[in-house]
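A short write-up of the structure that comes next.
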Amino acid sequence: MSFLNSHGTALSYRTVCLQRRMLHALIIQTVIPTIVSFVPCFLAWLSPIFQINFGRTINLLGVISVAVFPFSDPLAIILCLPVLRNRFVYRRVKTRDQIPCVIYVSQNLTLSA
């Protein structure tokens, strides 16, 4: 961020915005595993120290968090970056009239009867 702030005139506005969004995406990509993976592990590890009995709830929480992580990590990146967000979220279905059509016409036309 300090490089982007100090060299703001050398970089285009679009590049600076893209780099900031990439930095935000990386921060989110760092926070998600911390919350989803490590918090249930720390709860399971610290609960016997403080004599807290979670029972089977901690097992269920751990399984759900491990199952949700592969889905939530790419989803956060898709929602953070506008190029990916526009590609996946605001996707339009093309109708037959919108599909580009290329017609090839040969230069050497010969007609035979």
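Labels for the structure tokens follow display order: chains A, B, ..., residues from 1 in each chain, ligands from 1.
Proximity to Leu81 of chain A at 8 Å, evaluated using only C-alpha atoms and with sequence-adjacent residues fewer than 2 positions away removed, yields A:Arg21, A:Met22, A:Ala25, A:Ile77, A:Ile78, A:Leu79, A:Val83, A:Leu84, A:Arg85.
Candidate residues A:Leu11, A:Cys17, A:Cys80, A:Leu61 were compared for distance to Val36 of chain A, and the nearest is A:Leu61, using only C-alpha atoms.
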Could you tell me how far atom CA of Val31 of chain A lies from atom CA of Thr57 of chain A, in Å and to one decimal?
->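 Going from atom CA of Val31 of chain A over to atom CA of Thr57 of chain A, I get 23.1 Å.
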Taking only C-alpha atoms into account, which of A:Tyr90, A:Ser2, A:Val39, A:Ser47 comes nearest Arg20 of chain A?
-> A:Ser2
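The space between atom CA of Asn53 of chain A and atom CA of Val68 of chain A spans 24.2 Å.
Residues with any atom within 9 Å of Ile32 of chain A, counting only C-alpha atoms and excluding same-chain neighbours fewer than 4 positions away, are A:Ile27, A:Ile28, A:Val36, A:Ser37, A:Phe69, A:Ser72, A:Asp73, A:Ala76.
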Take the residues from that selection and put them in a file with C-alpha atoms, as a PDB file, in the first residue's frame.
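Dumped to selection12.pdb:
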```
ATOM      1  CA  ILE A  27      -6.854 -10.016   3.336  1.00  0.00           C
ATOM      2  CA  ILE A  28     -10.240 -11.733   3.102  1.00  0.00           C
ATOM      3  CA  VAL A  36     -13.357 -21.205   9.600  1.00  0.00           C
ATOM      4  CA  SER A  37     -10.512 -23.602  10.333  1.00  0.00           C
ATOM      5  CA  PHE A  69     -14.191 -23.672   3.648  1.00  0.00           C
ATOM      6  CA  SER A  72     -16.420 -19.881   0.964  1.00  0.00           C
ATOM      7  CA  ASP A  73     -12.832 -19.061  -0.021  1.00  0.00           C
ATOM      8  CA  ALA A  76     -15.196 -14.364  -1.324  1.00  0.00           C
TER       9      ALA A  76
END
```
Closest of A:Phe50, A:Gln19, A:Tyr13, A:Pro33 to Pro70 of chain A - atom-to-atom distances counting only C-alpha atoms =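 Of A:Phe50, A:Gln19, A:Tyr13, A:Pro33, the one nearest Pro70 of chain A, counting only C-alpha atoms, is A:Pro33.
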Separation of atom CA of Ser12 of chain A from atom CA of His24 of chain A, in Å and rounded to one decimal | 18.7 Å
